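Chemist: Take a look at this one; I'll ask things after.
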Amino acid sequence: MKSIAAVHRLRLVSGPEGLSFILLLICSVLKRTTSFNGVPVMGMVHGVLFVLYVVFLVQAYQARRWEPKRALLMFVLSVLPTGGFFAERMLAKEERGELDAAKPAAA
């Protein structure tokens with residue numbers, strides 16, 4: 001059960017982390033095109049969420065004994081603007097038992 005809790009924590013932070021990245025990109029554009037500068041605030045919010053994502057990713061990797069390429073995929077998704085949403089969907093499937101990442105898929 002502890003391994004599912006690690007996946008759950010990672011799933012809960014993946015959506016907000018993805019959204020904060022998109023908002024940070026929007027704030028960056030607005031900073032250069034208007035007088036609005038939300039980058040300091042959004043940068044801090046996104047930074048905290050990203051660090052939480054990485055910490056929870058390491059915990060899930062260890063608890064679920066994922067293959068390194070799965071953990072790498074989850075990390076790559078965290079640095080893509082909409083990747084957090086894809087990670088959240090994959091993690092939700094794993095939580096429901098539709099995807100068991102600890103065992104290789106049958107061919």
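How things are named: the first chain in the structure tokens is A, the next is B, and so on; residues count from 1 in each chain; ligands count from 1 in the order shown.
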Find the spatial neighbours of region 73-75 of chain A, counting only C-alpha atoms, within a cut-off of 12 Å - ignore same-chain residues fewer than 3 positions away - and output them as an mmCIF file with C-alpha atoms, in the first residue's frame.
Modeler:
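File written: around.cif
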```cif
data_model
loop_
_atom_site.group_PDB
_atom_site.id
_atom_site.type_symbol
_atom_site.label_atom_id
_atom_site.label_comp_id
_atom_site.auth_asym_id
_atom_site.auth_seq_id
_atom_site.Cartn_x
_atom_site.Cartn_y
_atom_site.Cartn_z
ATOM 1 C CA VAL A 7 2.166 7.164 -6.800
ATOM 2 C CA LEU A 10 3.117 12.127 -7.442
ATOM 3 C CA ARG A 11 -0.205 12.167 -9.293
ATOM 4 C CA SER A 14 1.707 16.465 -11.457
ATOM 5 C CA GLU A 17 3.011 21.410 -11.652
ATOM 6 C CA GLY A 18 2.001 21.249 -15.324
ATOM 7 C CA PHE A 50 8.697 21.140 -9.519
ATOM 8 C CA VAL A 51 10.859 20.263 -6.505
ATOM 9 C CA TYR A 53 7.338 16.569 -8.206
ATOM 10 C CA VAL A 54 10.966 15.421 -8.326
ATOM 11 C CA VAL A 55 10.950 14.345 -4.659
ATOM 12 C CA PHE A 56 7.697 12.411 -5.135
ATOM 13 C CA LEU A 57 9.041 10.937 -8.382
ATOM 14 C CA VAL A 58 12.072 9.534 -6.563
ATOM 15 C CA ALA A 60 7.498 6.474 -6.362
ATOM 16 C CA TYR A 61 10.469 5.128 -8.337
ATOM 17 C CA TRP A 66 9.942 1.231 -11.709
ATOM 18 C CA GLU A 67 12.334 0.609 -14.545
ATOM 19 C CA PRO A 68 14.716 3.556 -14.992
ATOM 20 C CA LYS A 69 13.197 4.400 -18.396
ATOM 21 C CA ARG A 70 9.754 4.857 -16.787
ATOM 22 C CA SER A 78 7.673 17.293 -16.032
ATOM 23 C CA VAL A 79 9.810 19.582 -18.201
ATOM 24 C CA LEU A 80 7.361 19.717 -21.123
ATOM 25 C CA GLY A 83 3.590 16.901 -19.837
ATOM 26 C CA GLY A 84 2.269 17.076 -16.278
ATOM 27 C CA PHE A 85 -1.229 16.356 -17.539
ATOM 28 C CA PHE A 86 -0.070 13.256 -19.423
ATOM 29 C CA ALA A 87 1.852 12.085 -16.356
ATOM 30 C CA GLU A 88 -1.267 12.549 -14.235
ATOM 31 C CA ARG A 89 -3.305 10.332 -16.584
ATOM 32 C CA MET A 90 -0.664 7.600 -16.596
ATOM 33 C CA LEU A 91 -0.377 7.688 -12.809
ATOM 34 C CA ALA A 101 4.456 -0.394 -14.172
#
```
Chemist: Chain A: which residues are helix (DSSP H, G or I) by DSSP, as a ChimeraX atom specification?
Modeler: /A:2-33,39-64,68-78,83-96
Chemist: Taking into account only C-alpha atoms, which residue in the set A:Phe36, A:Gln59, A:Gly47, A:Ile4 is nearest to Ser20 (chain A)?
Modeler: A:Gly47
Chemist: Pick out the closest residue to Val39 (chain A) from this set: A:Val13, A:Leu23, A:Leu52, A:Ala92. Count only C-alpha atoms.
Modeler: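 That would be A:Leu23, the residue with the smallest distance to Val39 (chain A).
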Chemist: What separation in Å, quoted to one decimal, exists between CA of His46 (chain A) and CA of Arg9 (chain A)?
Modeler: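 Atom-to-atom, CA of His46 (chain A) to CA of Arg9 (chain A), that is 16.7 Å.
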Chemist: Ranking A:Ala63, A:Pro81, A:Phe21, A:Gly38 by minimum distance to Ala5 (chain A) and counting only C-alpha atoms, which one comes first?
Modeler: A:Ala63
Chemist: Expressed in Å to a single decimal, how great is the separation between CA of Val29 (chain A) and CA of Leu49 (chain A)?
Modeler: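 Distance reported for this atom pair: 20.7 Å.
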